[in-house]
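*Asks:* Structure in structure tokens, see below.
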Amino acid sequence: MIRYKVTLSETERKELLSITKGGIHSSKKVVHAFILLNCDEGDFSDKMSNEEIVKVLKIGMRTVDRVKKKFVEEGYEAALENRPTSRTYERKADGDVEAHLIALSCSKAPAGFSRWSLRLLADKMIELKYVEDISYETVRRVPKKNELRPWKVKGWVIPALQNSDFVANMEKVLDVYKKEYNSNLPVVCMDESPKQMIKDTRLTLEMRPGCDTRQDFEYERCGVANIFLASEPLTGKRYVEVTERKTKVDWAKFIKQIADEWYKDAPKIILVMDNFGTHKPAALYEAYEPAEAKRILDRFDFVYTPKHGSWLNMAEIELNVLMGQCLNRRIGEINTMQSEVKAWQAYRNNKESKITWQFTCADARIKLSKLYPSIHS
């Protein structure tokens, strides 16, 4: 084991003492000054062992060894200021290696794997002889620096390119969202979503100090309920119905509630919804007599979001909030689900939580320009 001996000159000792007694110095510099003073093996010093220095200064043994080594090998100033060593490190991933790694990350994963991992990328780089050896940390840094995450796949609804039907319906919806609030012509967004009913088969252990809530992995499926939701973004109101099914008749009954209960004073209602198979005027004629079906239909102006454009429906935002705040747990009975949803609805309506839509046709023509068809003169 190499033993580094620190011997200070009189001038060095006086300077270190002045550093420890006052003045504006970094905490690291003061600690190093104390180390050097207490390691001094000169004639007029009271030397301490490394163990004693560690105990007094509350530092690690490696810090003491590193300062002593710097003093012996690089001099007084280097030890005091903790200057970086003059070593040169060979870069493990140069531009050529990075280019190969990025191209590999963007390619299809090998047979038998759904996506690239750090281990797979490192092994493939060696297999293709791009490098002789490469660590997982080096592999991690290159995609991160280039904002690549090959191990992550994000679900997204992707419309077809140059789709005139899509952009026509999209711009119609965006024009509706620009309208000012009008109580005689409210803009209401409607959406629906299934929800699995699940109940516990074993008792959940409640949370207590030092112990989280514990829920058994075993559960029992109790069927599927359907969530109908109507939201008026400009007033911060929403109305939710939980039904056992999602047929045309169920949708027609929900539409009648919108017209006759929640917006009975509005002569006309603009209803934004997706182009789902049950969301058709014909459903009203399957649920009601022709005169009643026509009366309900005349109250609405239906505006459909384009196919693969459900993100344009603001009711989806409310559904996500409902799922996250209320239904992100096990509920095994539809009656319980209905009462819990009604409580959530009352809370949100009392807060008048509104949605501020900012995406416009002008934004769409820039950000979604690839969806617009080419103009042929």
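Residue numbering restarts at 1 in every chain; chains get A, B, ... in the order shown in the structure tokens, and ligands count up from 1 in that same order.
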Quick one: everything within 8 Å of A:Arg115, counting only C-alpha atoms, minus sequence neighbours fewer than 3 positions away in the same chain. Send it as a PDB file with C-alpha atoms, in the first residue's frame.

*Replies:*
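Here's the written file out-v4.pdb:
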```
ATOM      1  CA  LYS A 108     -37.344  -3.006 -35.772  1.00  0.00           C
ATOM      2  CA  ALA A 109     -36.456  -5.123 -32.736  1.00  0.00           C
ATOM      3  CA  PRO A 110     -35.037  -8.643 -33.328  1.00  0.00           C
ATOM      4  CA  PRO A 150     -37.053   2.652 -28.138  1.00  0.00           C
ATOM      5  CA  TRP A 151     -38.369   0.694 -25.135  1.00  0.00           C
ATOM      6  CA  LYS A 152     -41.491   2.900 -24.897  1.00  0.00           C
TER       7      LYS A 152
END
```

*Asks:* Determine which residues of stretch 216-250 of chain A DSSP labels as strand (DSSP E or B) from the backbone of this structure, then write them out as a PyMOL selection string.

*Replies:* chain A and resi 219-232+237-243

*Asks:* Can I get the selected residues back with N, CA and C atoms, as a compact mmCIF listing (two decimals), in the first residue's frame?

*Replies:*
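Below is the file out.txt, written as the result:
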```txt
# COMPACT_ATOMS: atom_id res chain seq x y z
N TYR A 219 -59.32 -11.19 -7.78
CA TYR A 219 -60.58 -10.44 -7.83
C TYR A 219 -61.60 -11.21 -8.67
N GLU A 220 -62.84 -10.71 -8.67
CA GLU A 220 -63.92 -11.37 -9.41
C GLU A 220 -64.54 -10.37 -10.38
N ARG A 221 -64.67 -10.79 -11.64
CA ARG A 221 -65.31 -9.93 -12.64
C ARG A 221 -66.83 -10.03 -12.50
N CYS A 222 -67.48 -8.87 -12.60
CA CYS A 222 -68.93 -8.81 -12.39
C CYS A 222 -69.65 -8.18 -13.57
N GLY A 223 -69.08 -8.30 -14.74
CA GLY A 223 -69.72 -7.74 -15.93
C GLY A 223 -69.16 -6.37 -16.29
N VAL A 224 -69.78 -5.76 -17.28
CA VAL A 224 -69.33 -4.47 -17.80
C VAL A 224 -70.48 -3.48 -17.78
N ALA A 225 -70.23 -2.30 -17.25
CA ALA A 225 -71.19 -1.21 -17.29
C ALA A 225 -70.77 -0.23 -18.39
N ASN A 226 -71.67 0.64 -18.78
CA ASN A 226 -71.36 1.65 -19.79
C ASN A 226 -71.55 3.04 -19.21
N ILE A 227 -70.61 3.92 -19.48
CA ILE A 227 -70.64 5.29 -18.96
C ILE A 227 -71.01 6.23 -20.09
N PHE A 228 -72.15 6.91 -19.99
CA PHE A 228 -72.52 7.99 -20.91
C PHE A 228 -72.19 9.31 -20.21
N LEU A 229 -71.53 10.23 -20.94
CA LEU A 229 -71.17 11.52 -20.33
C LEU A 229 -71.43 12.64 -21.32
N ALA A 230 -72.10 13.68 -20.83
CA ALA A 230 -72.31 14.90 -21.60
C ALA A 230 -71.66 16.05 -20.85
N SER A 231 -70.87 16.86 -21.56
CA SER A 231 -70.14 17.95 -20.91
C SER A 231 -70.34 19.24 -21.69
N GLU A 232 -70.61 20.32 -20.95
CA GLU A 232 -70.68 21.65 -21.55
C GLU A 232 -69.44 22.42 -21.11
N LYS A 237 -70.21 22.31 -16.66
CA LYS A 237 -71.22 21.36 -16.23
C LYS A 237 -71.04 20.04 -16.98
N ARG A 238 -71.31 18.96 -16.29
CA ARG A 238 -71.28 17.65 -16.93
C ARG A 238 -72.35 16.76 -16.29
N TYR A 239 -72.85 15.81 -17.09
CA TYR A 239 -73.92 14.91 -16.65
C TYR A 239 -73.54 13.49 -17.05
N VAL A 240 -73.64 12.57 -16.10
CA VAL A 240 -73.16 11.20 -16.33
C VAL A 240 -74.28 10.21 -16.02
N GLU A 241 -74.41 9.20 -16.86
CA GLU A 241 -75.35 8.11 -16.63
C GLU A 241 -74.59 6.79 -16.77
N VAL A 242 -74.79 5.88 -15.81
CA VAL A 242 -74.19 4.55 -15.86
C VAL A 242 -75.29 3.56 -16.21
N THR A 243 -75.13 2.84 -17.32
CA THR A 243 -76.14 1.89 -17.78
C THR A 243 -75.55 0.49 -17.87
```

*Asks:* Could you tell me which of A:Thr201, A:Thr20, A:Ser9, A:Gln257 comes closest to A:Asp40 if we count only C-alpha atoms?

*Replies:*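 The closest residue to A:Asp40 is A:Ser9.
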
*Asks:* To one decimal place in Å, what is the distance between atom CA of A:Val321 and atom CA of A:Asp175?

*Replies:*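 Between atom CA of A:Val321 and atom CA of A:Asp175 the gap works out to 24.8 Å.
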
*Asks:* Name all residues at most 9 Å from A:Glu333 (count only C-alpha atoms; drop same-chain ones fewer than 4 positions away) and give them as a ChimeraX atom specification.

*Replies:* /A:197-199,222,337-338

*Asks:* Which residue is closest to A:Glu10? Choose from A:Asp274, A:Tyr304, A:Leu37, A:Met170 and count only C-alpha atoms.

*Replies:* A:Leu37

*Asks:* With distances taken over only C-alpha atoms, which residue among A:Cys326, A:Val142, A:Asp212, A:Ile366 lies nearest A:Asp96?

*Replies:*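 Nearest to A:Asp96: A:Val142.
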
*Asks:* Could you check how far atom CA of A:Ile355 sits from atom CA of A:Pro233, in Å to one decimal?

*Replies:*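 Atom-to-atom, atom CA of A:Ile355 and atom CA of A:Pro233 are spaced 5.0 Å apart.
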
*Asks:* Contacts of A:Val31 at 12 Å or less, counting only C-alpha atoms, minus same-chain residues fewer than 3 places along, as a list in words?

*Replies:*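 Returned residues: Leu16, Leu17, Ile19, Thr20, Lys21, His25, Ser26, Ser27, Lys28, Phe34, Ile35, Leu36, Leu37, Asn38, Ile53, Val54, Val56, Leu57, Lys58, Ile59, Gly60, Thr63, Val64, Val67, Ala79, Leu80, Glu81 and Asn82 of chain A.
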
*Asks:* Next, the residues of the selection above should be written as a PDB file, in the first residue's frame with N, CA and C atoms.

*Replies:*
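What follows is the written file selection-v1.pdb:
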```pdb
ATOM      1  N   LEU A  16      -2.445  27.941   5.299  1.00  0.00           N
ATOM      2  CA  LEU A  16      -3.537  27.022   5.631  1.00  0.00           C
ATOM      3  C   LEU A  16      -4.230  27.431   6.923  1.00  0.00           C
ATOM      4  N   LEU A  17      -3.439  27.872   7.902  1.00  0.00           N
ATOM      5  CA  LEU A  17      -4.036  28.329   9.170  1.00  0.00           C
ATOM      6  C   LEU A  17      -4.935  29.534   8.953  1.00  0.00           C
ATOM      7  N   ILE A  19      -6.576  30.204   6.263  1.00  0.00           N
ATOM      8  CA  ILE A  19      -7.789  29.738   5.580  1.00  0.00           C
ATOM      9  C   ILE A  19      -8.777  29.158   6.580  1.00  0.00           C
ATOM     10  N   THR A  20      -8.280  28.399   7.547  1.00  0.00           N
ATOM     11  CA  THR A  20      -9.164  27.762   8.530  1.00  0.00           C
ATOM     12  C   THR A  20      -9.729  28.744   9.544  1.00  0.00           C
ATOM     13  N   LYS A  21      -9.085  29.894   9.701  1.00  0.00           N
ATOM     14  CA  LYS A  21      -9.514  30.841  10.739  1.00  0.00           C
ATOM     15  C   LYS A  21     -10.491  31.897  10.225  1.00  0.00           C
ATOM     16  N   HIS A  25     -13.893  31.487   1.702  1.00  0.00           N
ATOM     17  CA  HIS A  25     -13.353  30.310   1.022  1.00  0.00           C
ATOM     18  C   HIS A  25     -14.472  29.278   0.875  1.00  0.00           C
ATOM     19  N   SER A  26     -14.336  28.434  -0.105  1.00  0.00           N
ATOM     20  CA  SER A  26     -15.305  27.355  -0.267  1.00  0.00           C
ATOM     21  C   SER A  26     -15.146  26.346   0.865  1.00  0.00           C
ATOM     22  N   SER A  27     -16.227  25.669   1.199  1.00  0.00           N
ATOM     23  CA  SER A  27     -16.188  24.680   2.278  1.00  0.00           C
ATOM     24  C   SER A  27     -15.204  23.557   1.951  1.00  0.00           C
ATOM     25  N   LYS A  28     -15.105  23.184   0.677  1.00  0.00           N
ATOM     26  CA  LYS A  28     -14.177  22.122   0.280  1.00  0.00           C
ATOM     27  C   LYS A  28     -12.736  22.546   0.520  1.00  0.00           C
ATOM     28  N   PHE A  34      -7.721  21.777   6.525  1.00  0.00           N
ATOM     29  CA  PHE A  34      -7.668  21.041   7.790  1.00  0.00           C
ATOM     30  C   PHE A  34      -6.975  19.687   7.606  1.00  0.00           C
ATOM     31  N   ILE A  35      -7.271  19.012   6.496  1.00  0.00           N
ATOM     32  CA  ILE A  35      -6.644  17.710   6.243  1.00  0.00           C
ATOM     33  C   ILE A  35      -5.131  17.852   6.141  1.00  0.00           C
ATOM     34  N   LEU A  36      -4.683  18.814   5.351  1.00  0.00           N
ATOM     35  CA  LEU A  36      -3.246  19.003   5.163  1.00  0.00           C
ATOM     36  C   LEU A  36      -2.546  19.392   6.459  1.00  0.00           C
ATOM     37  N   LEU A  37      -3.169  20.249   7.254  1.00  0.00           N
ATOM     38  CA  LEU A  37      -2.573  20.660   8.530  1.00  0.00           C
ATOM     39  C   LEU A  37      -2.442  19.476   9.480  1.00  0.00           C
ATOM     40  N   ASN A  38      -3.461  18.647   9.535  1.00  0.00           N
ATOM     41  CA  ASN A  38      -3.442  17.531  10.481  1.00  0.00           C
ATOM     42  C   ASN A  38      -2.634  16.334   9.987  1.00  0.00           C
ATOM     43  N   ILE A  53      -8.610  12.001  11.776  1.00  0.00           N
ATOM     44  CA  ILE A  53      -9.064  13.096  10.906  1.00  0.00           C
ATOM     45  C   ILE A  53     -10.481  12.830  10.405  1.00  0.00           C
ATOM     46  N   VAL A  54     -10.727  11.590   9.977  1.00  0.00           N
ATOM     47  CA  VAL A  54     -12.060  11.203   9.490  1.00  0.00           C
ATOM     48  C   VAL A  54     -13.109  11.422  10.575  1.00  0.00           C
ATOM     49  N   VAL A  56     -12.985  13.443  13.254  1.00  0.00           N
ATOM     50  CA  VAL A  56     -13.142  14.850  13.642  1.00  0.00           C
ATOM     51  C   VAL A  56     -13.857  15.658  12.564  1.00  0.00           C
ATOM     52  N   LEU A  57     -13.441  15.480  11.313  1.00  0.00           N
ATOM     53  CA  LEU A  57     -13.982  16.288  10.214  1.00  0.00           C
ATOM     54  C   LEU A  57     -15.266  15.705   9.614  1.00  0.00           C
ATOM     55  N   LYS A  58     -15.652  14.490  10.038  1.00  0.00           N
ATOM     56  CA  LYS A  58     -16.865  13.843   9.535  1.00  0.00           C
ATOM     57  C   LYS A  58     -16.803  13.673   8.014  1.00  0.00           C
ATOM     58  N   ILE A  59     -15.706  13.124   7.524  1.00  0.00           N
ATOM     59  CA  ILE A  59     -15.519  12.895   6.101  1.00  0.00           C
ATOM     60  C   ILE A  59     -15.131  11.440   5.881  1.00  0.00           C
ATOM     61  N   GLY A  60     -15.000  11.056   4.612  1.00  0.00           N
ATOM     62  CA  GLY A  60     -14.625   9.694   4.303  1.00  0.00           C
ATOM     63  C   GLY A  60     -13.125   9.500   4.234  1.00  0.00           C
ATOM     64  N   THR A  63     -11.461  10.576   0.968  1.00  0.00           N
ATOM     65  CA  THR A  63     -11.190  12.011   0.805  1.00  0.00           C
ATOM     66  C   THR A  63      -9.817  12.366   1.344  1.00  0.00           C
ATOM     67  N   VAL A  64      -9.490  11.833   2.513  1.00  0.00           N
ATOM     68  CA  VAL A  64      -8.167  12.089   3.104  1.00  0.00           C
ATOM     69  C   VAL A  64      -7.068  11.540   2.202  1.00  0.00           C
ATOM     70  N   VAL A  67      -6.621  13.720  -1.007  1.00  0.00           N
ATOM     71  CA  VAL A  67      -5.943  15.006  -0.788  1.00  0.00           C
ATOM     72  C   VAL A  67      -4.444  14.798  -0.579  1.00  0.00           C
ATOM     73  N   ALA A  79      -3.718  20.137  -4.373  1.00  0.00           N
ATOM     74  CA  ALA A  79      -4.375  19.481  -3.237  1.00  0.00           C
ATOM     75  C   ALA A  79      -5.362  20.409  -2.552  1.00  0.00           C
ATOM     76  N   LEU A  80      -5.008  21.680  -2.485  1.00  0.00           N
ATOM     77  CA  LEU A  80      -5.853  22.641  -1.787  1.00  0.00           C
ATOM     78  C   LEU A  80      -7.102  22.986  -2.603  1.00  0.00           C
ATOM     79  N   GLU A  81      -6.937  23.169  -3.891  1.00  0.00           N
ATOM     80  CA  GLU A  81      -8.036  23.592  -4.747  1.00  0.00           C
ATOM     81  C   GLU A  81      -8.794  22.411  -5.341  1.00  0.00           C
ATOM     82  N   ASN A  82      -8.243  21.186  -5.205  1.00  0.00           N
ATOM     83  CA  ASN A  82      -8.852  19.985  -5.772  1.00  0.00           C
ATOM     84  C   ASN A  82      -9.041  20.116  -7.275  1.00  0.00           C
TER      85      ASN A  82
END
```

*Asks:* Write out as a ChimeraX atom specification which residues come within 9 Å of A:Pro143 when counting only C-alpha atoms, dropping same-chain ones fewer than 5 positions away.

*Replies:* /A:98,101-102,105,148-150

*Asks:* Can I get the selected residues back with C-alpha atoms, as a PDB file, in the first residue's frame?

*Replies:*
```pdb
ATOM      1  CA  GLU A  98     -23.575   7.100 -31.933  1.00  0.00           C
ATOM      2  CA  LEU A 101     -26.689   3.185 -32.165  1.00  0.00           C
ATOM      3  CA  ILE A 102     -29.347   5.736 -33.151  1.00  0.00           C
ATOM      4  CA  SER A 105     -32.677   2.147 -31.897  1.00  0.00           C
ATOM      5  CA  LEU A 148     -35.106   8.460 -28.273  1.00  0.00           C
ATOM      6  CA  ARG A 149     -36.923   5.891 -26.133  1.00  0.00           C
ATOM      7  CA  PRO A 150     -37.053   2.652 -28.138  1.00  0.00           C
TER       8      PRO A 150
END
```

*Asks:* Quick one: pull the distance between atom CA of A:Asn275 and atom CA of A:Pro306, Å, one decimal.

*Replies:*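 Interatomic distance here is 7.0 Å.
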